[in-house]
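The structure file upload-v8.txt is reproduced below (compact mmCIF, C-alpha atoms and all ligand atoms).
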# COMPACT_ATOMS: atom_id res chain seq x y z
CA ARG A 1 44.44 28.21 -7.02
CA ALA A 2 40.75 28.49 -6.15
CA PRO A 3 39.30 31.95 -6.77
CA ASP A 4 39.73 34.41 -3.90
CA THR A 5 41.40 32.04 -1.48
CA ARG A 6 43.50 33.57 1.28
CA ALA A 7 44.81 32.70 4.71
CA VAL A 8 45.12 34.71 7.88
CA ARG A 9 47.48 33.75 10.69
CA GLY A 10 47.37 35.04 14.27
CA GLU A 11 45.79 34.41 17.63
CA ILE A 12 42.15 33.62 16.82
CA LEU A 13 39.20 33.99 19.18
CA TYR A 14 35.47 33.68 18.70
CA PHE A 15 32.45 32.54 20.68
CA THR A 16 30.28 29.49 20.12
CA GLY A 17 27.91 30.31 22.97
CA GLU A 18 27.39 32.68 25.86
CA PRO A 19 30.35 32.76 28.29
CA ALA A 20 28.13 33.91 31.18
CA ALA A 21 26.20 30.65 30.83
CA LEU A 22 28.79 28.20 29.49
CA GLY A 23 32.16 29.48 30.70
CA ASP A 24 35.18 28.38 28.67
CA ALA A 25 33.01 25.95 26.68
CA ALA A 26 31.66 29.03 24.87
CA ILE A 27 35.10 30.02 23.59
CA ALA A 28 37.00 28.88 20.49
CA HIS A 29 40.64 29.95 20.87
CA PHE A 30 43.69 29.17 18.74
CA PRO A 31 46.85 30.87 20.11
CA ASP A 32 48.65 30.29 16.80
CA GLY A 33 45.66 29.93 14.51
CA LEU A 34 44.89 30.05 10.84
CA LEU A 35 41.77 31.14 9.00
CA LEU A 36 41.29 29.82 5.49
CA VAL A 37 38.99 32.13 3.55
CA ARG A 38 37.40 31.12 0.27
CA GLY A 39 34.96 33.30 -1.67
CA GLY A 40 34.61 35.67 1.30
CA ARG A 41 33.62 32.94 3.75
CA ILE A 42 35.51 31.01 6.41
CA ASP A 43 36.47 27.70 4.85
CA ALA A 44 38.42 26.36 7.82
CA VAL A 45 39.77 27.55 11.14
CA GLY A 46 42.20 25.84 13.48
CA PRO A 47 45.81 25.57 14.61
CA ALA A 48 48.22 26.96 12.01
CA ALA A 49 50.36 23.84 12.21
CA GLU A 50 47.40 21.73 11.05
CA LEU A 51 46.00 24.06 8.40
CA LEU A 52 49.12 25.53 6.75
CA PRO A 53 49.66 22.40 4.63
CA ARG A 54 46.15 22.88 3.20
CA LEU A 55 46.92 26.39 1.97
CA PRO A 56 46.76 26.36 -1.84
CA SER A 57 50.06 27.44 -3.35
CA GLY A 58 50.10 31.10 -4.32
CA ALA A 59 47.26 32.05 -1.99
CA PRO A 60 48.02 35.26 -0.07
CA LEU A 61 48.81 34.90 3.61
CA HIS A 62 48.11 37.77 6.03
CA ASP A 63 50.57 37.31 8.86
CA TYR A 64 49.12 38.76 12.07
CA ARG A 65 51.18 36.66 14.48
CA GLY A 66 51.30 38.36 17.88
CA LYS A 67 47.93 40.05 17.22
CA LEU A 68 44.42 39.01 18.27
CA ILE A 69 41.84 38.22 15.57
CA LEU A 70 38.15 38.47 16.50
CA PRO A 71 34.91 38.53 14.50
CA GLY A 72 34.13 42.06 13.27
CA PHE A 73 32.15 44.02 15.84
CA ILE A 74 28.39 44.43 15.44
CA ASP A 75 26.93 47.80 16.44
CA THR A 76 23.21 47.22 16.98
CA HIS A 77 22.24 50.89 17.38
CA ILE A 78 23.81 53.96 15.78
CA HIS A 79 22.72 57.08 13.86
CA TYR A 80 24.89 57.80 10.83
CA ALA A 81 23.45 61.30 10.49
CA GLN A 82 24.59 62.22 13.98
CA VAL A 83 28.35 62.23 13.35
CA ASP A 84 28.22 66.03 13.70
CA VAL A 85 26.12 65.86 16.90
CA ILE A 86 28.57 63.82 18.94
CA ALA A 87 29.95 65.82 21.91
CA SER A 88 27.02 68.28 22.15
CA PRO A 89 26.71 69.18 25.83
CA GLY A 90 24.32 70.25 28.49
CA GLU A 91 21.01 68.55 27.74
CA GLN A 92 19.07 65.37 28.37
CA LEU A 93 17.21 63.51 25.63
CA LEU A 94 14.24 65.69 24.67
CA ASN A 95 16.08 69.03 24.70
CA TRP A 96 19.15 67.42 23.11
CA LEU A 97 16.96 66.28 20.19
CA GLN A 98 15.52 69.79 19.66
CA LYS A 99 18.70 71.75 20.17
CA TYR A 100 21.30 69.66 18.35
CA THR A 101 19.93 66.57 16.64
CA PHE A 102 17.01 67.78 14.56
CA PRO A 103 18.97 70.70 13.03
CA ALA A 104 21.85 68.34 12.14
CA GLU A 105 19.49 65.78 10.60
CA ALA A 106 17.71 68.49 8.57
CA ARG A 107 20.92 68.97 6.55
CA PHE A 108 20.48 65.45 5.13
CA ALA A 109 17.85 66.79 2.73
CA ASP A 110 20.94 67.54 0.62
CA PRO A 111 22.05 64.31 -1.12
CA GLN A 112 25.65 65.51 -1.37
CA HIS A 113 25.82 66.12 2.36
CA ALA A 114 24.32 62.67 2.95
CA ALA A 115 26.75 60.95 0.59
CA ALA A 116 29.78 62.57 2.24
CA ALA A 117 28.55 61.75 5.73
CA ALA A 118 27.79 58.13 4.75
CA ASP A 119 31.32 57.73 3.42
CA PHE A 120 32.81 59.19 6.56
CA PHE A 121 30.58 56.99 8.70
CA CYS A 122 31.51 53.71 6.99
CA GLY A 123 35.18 54.63 7.20
CA GLU A 124 34.87 55.37 10.90
CA LEU A 125 33.11 52.04 11.56
CA LEU A 126 35.93 50.15 9.82
CA ARG A 127 38.64 52.13 11.63
CA ASN A 128 37.03 50.87 14.83
CA GLY A 129 36.68 47.25 13.76
CA THR A 130 32.91 47.41 13.28
CA THR A 131 31.81 45.53 10.18
CA THR A 132 28.03 45.49 10.64
CA ALA A 133 25.69 48.15 11.98
CA LEU A 134 21.97 48.56 12.49
CA ALA A 135 21.81 52.27 11.75
CA PHE A 136 19.25 55.06 11.66
CA ALA A 137 19.31 57.29 8.58
CA THR A 138 17.11 60.44 8.62
CA VAL A 139 13.55 61.12 7.49
CA HIS A 140 14.84 61.81 3.97
CA PRO A 141 14.69 58.72 1.74
CA GLY A 142 17.89 59.87 0.01
CA SER A 143 19.74 59.59 3.31
CA ALA A 144 19.05 55.84 3.38
CA ASP A 145 20.08 55.55 -0.28
CA ALA A 146 23.37 57.27 0.59
CA LEU A 147 24.24 54.88 3.42
CA PHE A 148 23.21 51.79 1.47
CA ALA A 149 25.37 52.93 -1.45
CA ALA A 150 28.40 53.66 0.76
CA ALA A 151 28.15 50.27 2.51
CA HIS A 152 27.58 48.50 -0.82
CA ARG A 153 30.80 49.94 -2.24
CA ARG A 154 32.66 48.50 0.76
CA ARG A 155 30.75 45.19 0.61
CA MET A 156 29.74 45.70 4.27
CA ARG A 157 26.73 44.06 5.87
CA MET A 158 24.59 47.07 6.72
CA ILE A 159 21.03 47.40 7.97
CA THR A 160 19.37 50.80 7.78
CA GLY A 161 16.17 52.58 6.94
CA LYS A 162 14.59 55.96 6.47
CA VAL A 163 13.26 57.41 9.73
CA LEU A 164 9.49 57.63 10.08
CA MET A 165 8.45 60.81 11.92
CA ASP A 166 5.26 62.73 11.14
CA ARG A 167 4.56 64.87 14.21
CA HIS A 168 6.31 66.85 16.97
CA CYS A 169 9.23 67.49 14.67
CA PRO A 170 10.40 70.66 12.90
CA PRO A 171 9.12 71.42 9.42
CA GLY A 172 11.50 69.92 6.88
CA LEU A 173 12.01 66.91 9.10
CA CYS A 174 8.47 65.51 8.92
CA ASP A 175 6.98 62.97 6.56
CA THR A 176 3.32 61.91 6.64
CA GLY A 177 1.65 58.57 7.27
CA THR A 178 1.22 58.16 3.52
CA THR A 179 4.55 59.44 2.21
CA GLY A 180 6.56 57.69 4.94
CA GLU A 181 5.02 54.35 4.08
CA ALA A 182 5.41 54.77 0.31
CA GLU A 183 9.02 55.97 0.59
CA SER A 184 9.89 53.07 2.89
CA ARG A 185 8.33 50.60 0.50
CA ALA A 186 10.33 51.97 -2.43
CA LEU A 187 13.56 51.74 -0.42
CA ILE A 188 12.75 48.15 0.59
CA GLU A 189 12.29 47.23 -3.05
CA ARG A 190 15.53 48.97 -4.01
CA TRP A 191 17.83 47.68 -1.25
CA HIS A 192 16.45 44.93 1.00
CA GLY A 193 18.34 41.69 0.35
CA ARG A 194 20.66 43.25 -2.26
CA ASP A 195 24.03 41.57 -1.61
CA ARG A 196 24.65 42.10 2.13
CA LEU A 197 22.19 44.95 2.66
CA LEU A 198 18.99 44.67 4.69
CA TYR A 199 16.22 47.15 5.43
CA ALA A 200 14.94 48.28 8.81
CA VAL A 201 11.55 49.93 9.21
CA THR A 202 12.49 52.88 11.43
CA PRO A 203 9.79 54.66 13.47
CA ARG A 204 11.95 57.08 15.51
CA PHE A 205 9.89 56.66 18.71
CA PRO A 206 6.14 56.83 19.39
CA ALA A 207 6.36 60.54 20.31
CA THR A 208 7.17 61.50 16.72
CA SER A 209 4.80 59.11 14.91
CA SER A 210 1.00 59.42 14.70
CA ALA A 211 -1.11 56.32 15.33
CA GLU A 212 -1.62 56.16 11.58
CA GLN A 213 2.13 56.07 10.99
CA MET A 214 2.71 53.54 13.79
CA ARG A 215 0.13 51.29 12.12
CA ALA A 216 1.87 51.73 8.77
CA ALA A 217 5.23 50.76 10.34
CA GLY A 218 3.70 47.57 11.73
CA ARG A 219 2.21 46.82 8.31
CA LEU A 220 5.54 47.32 6.54
CA PHE A 221 7.39 45.18 9.11
CA ALA A 222 5.03 42.27 8.37
CA GLU A 223 5.10 42.73 4.61
CA HIS A 224 8.48 41.30 3.58
CA PRO A 225 10.38 38.38 5.10
CA GLY A 226 13.58 39.29 6.88
CA LEU A 227 12.80 42.98 7.41
CA TYR A 228 13.99 44.64 10.60
CA LEU A 229 12.27 47.20 12.80
CA GLN A 230 14.37 49.59 14.91
CA SER A 231 13.24 52.18 17.42
CA HIS A 232 13.92 53.67 20.86
CA LEU A 233 12.25 52.37 24.02
CA ALA A 234 12.14 53.72 27.58
CA GLU A 235 15.37 55.70 27.47
CA ASN A 236 14.60 58.77 29.57
CA ARG A 237 12.05 59.34 32.34
CA GLN A 238 10.49 62.48 30.82
CA GLU A 239 10.20 60.65 27.50
CA VAL A 240 8.50 57.69 29.23
CA ALA A 241 5.99 60.05 30.88
CA TRP A 242 5.26 61.69 27.50
CA ILE A 243 4.57 58.34 25.82
CA ALA A 244 2.30 57.34 28.72
CA ARG A 245 0.28 60.57 28.22
CA VAL A 246 -0.06 60.03 24.45
CA HIS A 247 -0.92 56.33 24.78
CA PRO A 248 -3.00 55.94 27.97
CA GLU A 249 -4.47 52.73 26.55
CA ALA A 250 -1.08 50.97 26.68
CA ARG A 251 0.12 49.04 29.75
CA SER A 252 3.69 50.20 29.17
CA TYR A 253 5.97 51.85 26.61
CA LEU A 254 6.72 48.40 25.17
CA ASP A 255 2.99 47.72 24.91
CA VAL A 256 2.66 50.68 22.49
CA PHE A 257 4.96 48.91 20.00
CA SER A 258 3.15 45.64 20.61
CA ARG A 259 -0.27 47.19 19.85
CA PHE A 260 1.02 48.47 16.52
CA GLY A 261 2.44 45.08 15.46
CA GLN A 262 6.06 46.11 15.89
CA LEU A 263 7.23 43.45 18.32
CA GLY A 264 8.83 40.23 17.12
CA PRO A 265 11.95 38.61 15.72
CA ARG A 266 14.20 41.29 14.14
CA SER A 267 12.70 44.20 16.04
CA VAL A 268 15.49 45.93 17.97
CA PHE A 269 14.88 48.53 20.67
CA ALA A 270 17.60 50.83 21.93
CA HIS A 271 18.01 51.54 25.65
CA CYS A 272 15.12 49.76 27.48
CA ILE A 273 16.20 51.30 30.79
CA TRP A 274 12.77 52.03 32.28
CA ILE A 275 11.03 48.70 31.63
CA ASP A 276 9.67 46.08 34.02
CA ASP A 277 9.77 42.30 34.24
CA GLU A 278 6.53 41.89 32.29
CA ASP A 279 8.11 43.86 29.44
CA ARG A 280 11.27 41.74 29.63
CA GLU A 281 9.18 38.58 29.52
CA ARG A 282 7.32 39.83 26.44
CA MET A 283 10.51 40.82 24.67
CA ALA A 284 12.01 37.40 25.32
CA GLY A 285 8.79 35.62 24.31
CA THR A 286 8.36 37.55 21.07
CA GLY A 287 12.04 37.36 20.04
CA ALA A 288 12.60 41.13 20.08
CA ALA A 289 16.06 42.41 21.03
CA ILE A 290 17.53 45.14 23.21
CA SER A 291 20.45 47.32 22.17
CA PHE A 292 22.40 48.35 25.28
CA CYS A 293 24.01 51.76 24.67
CA PRO A 294 26.14 52.58 27.71
CA THR A 295 28.04 55.68 26.52
CA SER A 296 24.78 57.28 25.39
CA ASN A 297 22.96 56.43 28.61
CA LEU A 298 25.74 58.01 30.66
CA PHE A 299 26.21 61.04 28.37
CA LEU A 300 22.50 61.97 28.32
CA GLY A 301 22.08 60.99 31.97
CA SER A 302 19.30 58.61 30.94
CA GLY A 303 19.87 55.89 33.52
CA LEU A 304 21.50 52.50 34.07
CA PHE A 305 20.54 49.52 31.92
CA ASP A 306 19.90 46.38 33.99
CA LEU A 307 21.72 43.70 31.99
CA GLU A 308 21.34 40.98 34.60
CA ARG A 309 17.54 41.19 34.68
CA ALA A 310 17.27 41.25 30.88
CA ARG A 311 19.55 38.21 30.66
CA ALA A 312 17.62 36.41 33.40
CA HIS A 313 14.46 36.71 31.31
CA GLY A 314 16.29 35.48 28.22
CA VAL A 315 15.98 38.67 26.14
CA ARG A 316 18.31 38.91 23.15
CA ILE A 317 20.87 41.66 23.83
CA GLY A 318 23.39 43.44 21.63
CA ILE A 319 25.61 46.48 22.14
CA GLY A 320 25.05 49.85 20.50
CA THR A 321 27.27 52.92 20.41
CA ASP A 322 24.26 55.19 19.72
CA VAL A 323 26.48 57.84 18.15
CA GLY A 324 25.74 60.84 18.39
CA ALA A 325 24.24 60.61 21.91
CA GLY A 326 26.88 57.95 22.38
CA THR A 327 30.38 59.32 22.67
CA SER A 328 32.47 56.84 20.69
CA PHE A 329 32.44 54.68 17.57
CA SER A 330 34.72 52.26 19.38
CA MET A 331 33.08 49.07 20.58
CA LEU A 332 36.10 48.61 22.86
CA GLN A 333 35.38 51.88 24.65
CA THR A 334 31.67 51.05 24.64
CA LEU A 335 32.33 47.72 26.38
CA GLY A 336 34.51 49.54 28.91
CA GLU A 337 31.61 51.91 29.70
CA ALA A 338 29.17 48.97 29.84
CA TYR A 339 31.37 47.51 32.55
CA LYS A 340 31.05 50.74 34.56
CA VAL A 341 27.26 51.00 34.09
CA LEU A 342 26.96 47.50 35.54
CA GLN A 343 29.43 48.23 38.35
CA LEU A 344 27.10 51.02 39.51
CA GLN A 345 24.44 48.32 39.98
CA GLY A 346 26.62 45.74 41.67
CA GLN A 347 26.83 43.64 38.50
CA ALA A 348 30.11 42.34 37.06
CA LEU A 349 30.53 42.18 33.28
CA GLY A 350 33.20 39.61 32.47
CA ALA A 351 35.51 40.35 29.55
CA ALA A 352 34.50 37.22 27.60
CA GLN A 353 30.82 38.04 28.08
CA ALA A 354 31.47 41.61 26.92
CA PHE A 355 33.18 40.54 23.69
CA TYR A 356 30.47 37.92 23.18
CA LEU A 357 27.86 40.71 23.28
CA ALA A 358 29.83 42.75 20.71
CA THR A 359 30.09 39.80 18.31
CA LEU A 360 27.92 36.65 18.51
CA GLY A 361 25.43 38.25 20.93
CA GLY A 362 24.87 41.07 18.46
CA ALA A 363 24.51 38.59 15.61
CA ARG A 364 21.93 36.60 17.58
CA SER A 365 19.97 39.73 18.41
CA LEU A 366 19.82 40.40 14.63
CA TYR A 367 19.12 36.74 13.73
CA LEU A 368 22.32 36.77 11.67
CA ASP A 369 24.27 34.16 13.63
CA GLY A 370 25.67 31.58 11.25
CA ARG A 371 26.61 34.47 8.95
CA ILE A 372 28.37 37.09 11.09
CA GLY A 373 29.64 37.46 14.66
CA SER A 374 31.70 34.26 14.48
CA LEU A 375 34.69 32.82 12.65
CA ALA A 376 33.29 29.28 12.46
CA PRO A 377 33.42 27.63 9.03
CA GLY A 378 30.63 28.89 6.78
CA CYS A 379 30.52 32.37 8.32
CA GLU A 380 31.23 35.52 6.34
CA ALA A 381 34.90 36.43 6.84
CA ASP A 382 34.48 39.80 8.58
CA PHE A 383 37.10 40.19 11.27
CA VAL A 384 39.12 42.69 13.29
CA VAL A 385 42.79 42.46 14.24
CA LEU A 386 43.62 43.91 17.66
CA ASP A 387 47.14 45.09 18.46
CA PRO A 388 48.49 44.34 21.95
CA ALA A 389 51.15 46.99 21.29
CA ALA A 390 48.53 49.65 20.43
CA THR A 391 49.85 52.17 22.94
CA PRO A 392 52.71 52.08 25.47
CA LEU A 393 50.21 51.65 28.29
CA VAL A 394 48.29 48.83 26.57
CA ALA A 395 51.58 47.07 25.79
CA ARG A 396 52.82 47.44 29.35
CA ARG A 397 49.57 46.26 30.90
CA ILE A 398 49.17 43.32 28.52
CA ALA A 399 52.73 42.20 29.21
CA GLY A 400 51.61 41.66 32.80
CA CYS A 401 48.55 39.54 31.89
CA ALA A 402 48.49 35.83 32.61
CA THR A 403 45.21 34.89 30.89
CA LEU A 404 43.22 35.62 27.74
CA ALA A 405 40.38 37.08 29.84
CA GLU A 406 42.81 39.53 31.44
CA ARG A 407 44.06 40.66 28.04
CA LEU A 408 40.50 41.11 26.75
CA PHE A 409 39.71 43.21 29.78
CA VAL A 410 42.71 45.45 29.10
CA PHE A 411 41.50 45.95 25.49
CA MET A 412 38.00 46.95 26.62
CA THR A 413 39.26 49.24 29.37
CA LEU A 414 42.21 50.93 27.63
CA GLY A 415 41.56 50.22 23.96
CA ASP A 416 40.06 52.45 21.27
CA ASP A 417 40.57 52.91 17.52
CA ARG A 418 44.35 52.79 18.06
CA ALA A 419 43.98 49.14 19.08
CA VAL A 420 42.48 48.22 15.71
CA LEU A 421 45.42 47.25 13.52
CA ALA A 422 43.27 46.03 10.63
CA THR A 423 39.70 45.26 9.66
CA HIS A 424 38.77 42.74 6.95
CA VAL A 425 35.45 42.57 5.11
CA LEU A 426 34.66 39.28 3.36
CA GLY A 427 38.29 38.32 3.88
CA GLU A 428 39.77 41.39 2.19
CA PRO A 429 41.57 44.17 4.06
CA ALA A 430 39.21 47.13 4.38
CA TRP A 431 41.25 49.15 6.89
CA ARG A 432 44.85 49.06 8.00
CA ARG A 433 46.52 51.40 10.48
N1 LIG A 501 14.90 58.95 20.91
C1 LIG A 501 14.33 59.42 19.79
N2 LIG A 501 15.26 59.84 18.90
C2 LIG A 501 16.45 59.62 19.48
C3 LIG A 501 17.81 59.83 19.05
O1 LIG A 501 18.10 60.32 17.95
N3 LIG A 501 18.78 59.46 19.94
C4 LIG A 501 18.50 58.92 21.14
N4 LIG A 501 19.50 58.59 21.94
N5 LIG A 501 17.24 58.72 21.57
C5 LIG A 501 16.23 59.06 20.75
ZN ZN A 502 19.43 56.19 19.12
Could the structure of this file be written out as structure tokens, please?
Amino acid sequence: RAPDTRAVRGEILYFTGEPAALGDAAIAHFPDGLLLVRGGRIDAVGPAAELLPRLPSGAPLHDYRGKLILPGFIDTHIHYAQVDVIASPGEQLLNWLQKYTFPAEARFADPQHAAAAADFFCGELLRNGTTTALAFATVHPGSADALFAAAHRRRMRMITGKVLMDRHCPPGLCDTGTTGEAESRALIERWHGRDRLLYAVTPRFPATSSAEQMRAAGRLFAEHPGLYLQSHLAENRQEVAWIARVHPEARSYLDVFSRFGQLGPRSVFAHCIWIDDEDRERMAGTGAAISFCPTSNLFLGSGLFDLERARAHGVRIGIGTDVGAGTSFSMLQTLGEAYKVLQLQGQALGAAQAFYLATLGGARSLYLDGRIGSLAPGCEADFVVLDPAATPLVARRIAGCATLAERLFVFMTLGDDRAVLATHVLGEPAWRR
């Protein structure tokens, strides 16, 4: 048989477009489907009855009949060094950073601590069906090395970078304009484009970077093709007021990033709650993306993200858990909370649209569609297997569903890591309950 050929049977679902715009035409659905995987990529997908005869003899068959197979989830904003910060109460953003986050991140100066946390983090992603993340490391270059190495061992597609922060941060958690740039450049040379790994230039937010460092970040972002830039934008009202005081020359928070050359394809900004239509227009026009982080926005009391307006302007949008301000690694739970954030604004998030955002929408916001976020032929075979019998309540509620959309809505409202039966990376099982 051909090297590394395998088949996967079950109910298969992926998106070919945006359900909110195209309806059912955006959905590829095979109730009894088969994926043929060759060399880690999808070779063919379709009804099992049609494809089973094409299965080379001796090729392994993963039988997930009765389960739902979706593209692996894409988390477009998360902090791997904040696994020990999750569930830290009582504060909004700026005090939360000082009281909990900075002390936890300071411990990543120790490479052994970083390596152990990176391993835990990758395991937790896979347990939750997330196969790709755009993740913050810490200011320590070794923290990015640790996450790249952990993801590399698991053959995961991972995008991360060392945090740039050179002011308004505790000693031990500060780089400088010069060292931050040089350390980032060395990491880019070591990891960017190595197998499935990609580098993200990572200015934390303009409050913790000098103008010199913001300029350096813009320079780095432009230096190598395919680099990402990740940061935070207009999350909390006190934060927005602070940025306005530091950068009176800028029209808006977004304009600060623009002035430092940080806006464009592959720049991804978490939150974007307190932005206006001119900002949305500029994000859409430049190809920058928003990461919507509902559990974080609710937990820190930051505000309600206006998905409808961002969509109306054509901004690319993905979903982020934002652990550790976010309260779950589960994209299912995160979609459930996204639904509630939109309910509070009189907006309805359909289940198909929600799962689109967690898969193909995320891939499009990262310019990785055609590789991840879909199970179309040619894509990398990262997928998650959801179990309709995950819990007694899920099983009972799903038994009463008449449509696929109803079942998806049950998964995003009641589902969590228990609903993830298995996760495959490049076709191979990487997690099994
Ligand atoms: N803004 C700057 N840093 C952070 C962070 O670590 N988490 C969140 N949620 N917002 C930030
Ligand atoms: Zn964040």
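For the pair atom CA of A:Val256 and atom CA of A:Ser143, the separation is 27.2 Å.
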I'd like a table as a Markdown table: residues in stretch 91-195 of chain A with an atom no more than 10 Å from stretch 330-334 of chain A, each row giving the shortest atom pair and its distance in Å to one decimal, all atoms listed in the file counted, sorted by chain and rising residue number.
| residue | atom | partner | partner_atom | distance |
| --- | --- | --- | --- | --- |
| A:Glu124 | CA | A:Ser330 | CA | 9.0 |
| A:Leu125 | CA | A:Ser330 | CA | 8.0 |
| A:Leu126 | CA | A:Ser330 | CA | 9.9 |
| A:Arg127 | CA | A:Ser330 | CA | 8.7 |
| A:Asn128 | CA | A:Ser330 | CA | 5.3 |
| A:Gly129 | CA | A:Ser330 | CA | 7.8 |
| A:Thr130 | CA | A:Met331 | CA | 7.5 |
Dump of C-alpha atoms for the selected residues, as a PDB file, keeping the file's coordinate frame:
ATOM      1  CA  GLU A 124      34.870  55.370  10.900  1.00  0.00           C
ATOM      2  CA  LEU A 125      33.110  52.040  11.560  1.00  0.00           C
ATOM      3  CA  LEU A 126      35.930  50.150   9.820  1.00  0.00           C
ATOM      4  CA  ARG A 127      38.640  52.130  11.630  1.00  0.00           C
ATOM      5  CA  ASN A 128      37.030  50.870  14.830  1.00  0.00           C
ATOM      6  CA  GLY A 129      36.680  47.250  13.760  1.00  0.00           C
ATOM      7  CA  THR A 130      32.910  47.410  13.280  1.00  0.00           C
TER       8      THR A 130
END
Considering all atoms listed in the file, give me a table of residues in chain A that are at most 7 Å from ligand ZN 502 (chain A), with the closest atom pair and distance in Å for each, as a Markdown table.
| residue | atom | partner | partner_atom | distance |
| --- | --- | --- | --- | --- |
| A:His77 | CA | A:ZN502 | ZN | 6.2 |
| A:Ile78 | CA | A:ZN502 | ZN | 5.9 |
| A:His79 | CA | A:ZN502 | ZN | 6.3 |
| A:His232 | CA | A:ZN502 | ZN | 6.3 |
| A:Ala270 | CA | A:ZN502 | ZN | 6.3 |
| A:Asp322 | CA | A:ZN502 | ZN | 5.0 |
Counting all atoms listed in the file, what is within 10 Å of A:Ala207, bar same-chain residues fewer than 5 positions away, as a short mmCIF file (atom, residue, chain, number, x, y, z; two decimals) with C-alpha atoms, in the frame of the given file?
data_model
loop_
_atom_site.label_atom_id
_atom_site.label_comp_id
_atom_site.auth_asym_id
_atom_site.auth_seq_id
_atom_site.Cartn_x
_atom_site.Cartn_y
_atom_site.Cartn_z
CA MET A 165 8.45 60.81 11.92
CA ASP A 166 5.26 62.73 11.14
CA ARG A 167 4.56 64.87 14.21
CA HIS A 168 6.31 66.85 16.97
CA CYS A 169 9.23 67.49 14.67
CA GLU A 239 10.20 60.65 27.50
CA VAL A 240 8.50 57.69 29.23
CA TRP A 242 5.26 61.69 27.50
CA ILE A 243 4.57 58.34 25.82
CA ALA A 244 2.30 57.34 28.72
CA ARG A 245 0.28 60.57 28.22
CA VAL A 246 -0.06 60.03 24.45
CA HIS A 247 -0.92 56.33 24.78
#
*asked:* Is it possible to get the residues within 10 Å of (46.8, 33.7, 7.8) (coordinates as in the file, counting only C-alpha atoms) written as a PyMOL selection string?
replied: chain A and resi 6-11+32-37+45+48+51-52+55+59-65
I need the residues from that last selection saved to file as a short mmCIF file (atom, residue, chain, number, x, y, z; two decimals), in the frame of the given file (with C-alpha atoms), if you can.
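Wrote again.cif, looks like this:
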data_model
loop_
_atom_site.label_atom_id
_atom_site.label_comp_id
_atom_site.auth_asym_id
_atom_site.auth_seq_id
_atom_site.Cartn_x
_atom_site.Cartn_y
_atom_site.Cartn_z
CA ARG A 6 43.50 33.57 1.28
CA ALA A 7 44.81 32.70 4.71
CA VAL A 8 45.12 34.71 7.88
CA ARG A 9 47.48 33.75 10.69
CA GLY A 10 47.37 35.04 14.27
CA GLU A 11 45.79 34.41 17.63
CA ASP A 32 48.65 30.29 16.80
CA GLY A 33 45.66 29.93 14.51
CA LEU A 34 44.89 30.05 10.84
CA LEU A 35 41.77 31.14 9.00
CA LEU A 36 41.29 29.82 5.49
CA VAL A 37 38.99 32.13 3.55
CA VAL A 45 39.77 27.55 11.14
CA ALA A 48 48.22 26.96 12.01
CA LEU A 51 46.00 24.06 8.40
CA LEU A 52 49.12 25.53 6.75
CA LEU A 55 46.92 26.39 1.97
CA ALA A 59 47.26 32.05 -1.99
CA PRO A 60 48.02 35.26 -0.07
CA LEU A 61 48.81 34.90 3.61
CA HIS A 62 48.11 37.77 6.03
CA ASP A 63 50.57 37.31 8.86
CA TYR A 64 49.12 38.76 12.07
CA ARG A 65 51.18 36.66 14.48
#
Can you report as JSON the centre and edge lengths in Å, to one decimal, of an axis-aligned box around the listed atoms of ligand LIG 501 (chain A) padded with 6 Å on each side?
{"center_x": 16.9, "center_y": 59.5, "center_z": 19.9, "size_x": 17.2, "size_y": 13.7, "size_z": 16.0}
*Find the residues around A:Glu105 up to 10 Å (all atoms listed in the file counted), leave out those fewer than 6 positions away in its own chain, and share them as a list in words.*
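The neighbour list is His79, Tyr80, Ala81, Gln82, Val83, Asp84, Val85, Leu97, Ala114, Ala137, Thr138, Val139, His140, Ser143, Gly172 and Leu173 of chain A.
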Residues as selected, C-alpha atoms, written as a JSON list (two decimals), in the coordinates of the input, can you do that?
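Writing the result to out-v5.json gives the following:
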[["chain", "number", "residue", "atom", "x", "y", "z"],
["A", 79, "HIS", "CA", 22.72, 57.08, 13.86],
["A", 80, "TYR", "CA", 24.89, 57.80, 10.83],
["A", 81, "ALA", "CA", 23.45, 61.30, 10.49],
["A", 82, "GLN", "CA", 24.59, 62.22, 13.98],
["A", 83, "VAL", "CA", 28.35, 62.23, 13.35],
["A", 84, "ASP", "CA", 28.22, 66.03, 13.70],
["A", 85, "VAL", "CA", 26.12, 65.86, 16.90],
["A", 97, "LEU", "CA", 16.96, 66.28, 20.19],
["A", 114, "ALA", "CA", 24.32, 62.67, 2.95],
["A", 137, "ALA", "CA", 19.31, 57.29, 8.58],
["A", 138, "THR", "CA", 17.11, 60.44, 8.62],
["A", 139, "VAL", "CA", 13.55, 61.12, 7.49],
["A", 140, "HIS", "CA", 14.84, 61.81, 3.97],
["A", 143, "SER", "CA", 19.74, 59.59, 3.31],
["A", 172, "GLY", "CA", 11.50, 69.92, 6.88],
["A", 173, "LEU", "CA", 12.01, 66.91, 9.10]]
Wanna dump the stretch 147-264 of chain A-stretch 376-384 of chain A contacts at 12 Å for me, each residue with its shortest atom pair and the distance in Å to one decimal, counting only C-alpha atoms, ordered by chain and number, as JSON lines?
{"residue": "A:Arg154", "atom": "CA", "partner": "A:Asp382", "partner_atom": "CA", "distance": 11.8}
{"residue": "A:Arg155", "atom": "CA", "partner": "A:Asp382", "partner_atom": "CA", "distance": 10.3}
{"residue": "A:Met156", "atom": "CA", "partner": "A:Asp382", "partner_atom": "CA", "distance": 8.7}
{"residue": "A:Arg157", "atom": "CA", "partner": "A:Asp382", "partner_atom": "CA", "distance": 9.2}
{"residue": "A:Arg196", "atom": "CA", "partner": "A:Glu380", "partner_atom": "CA", "distance": 10.2}
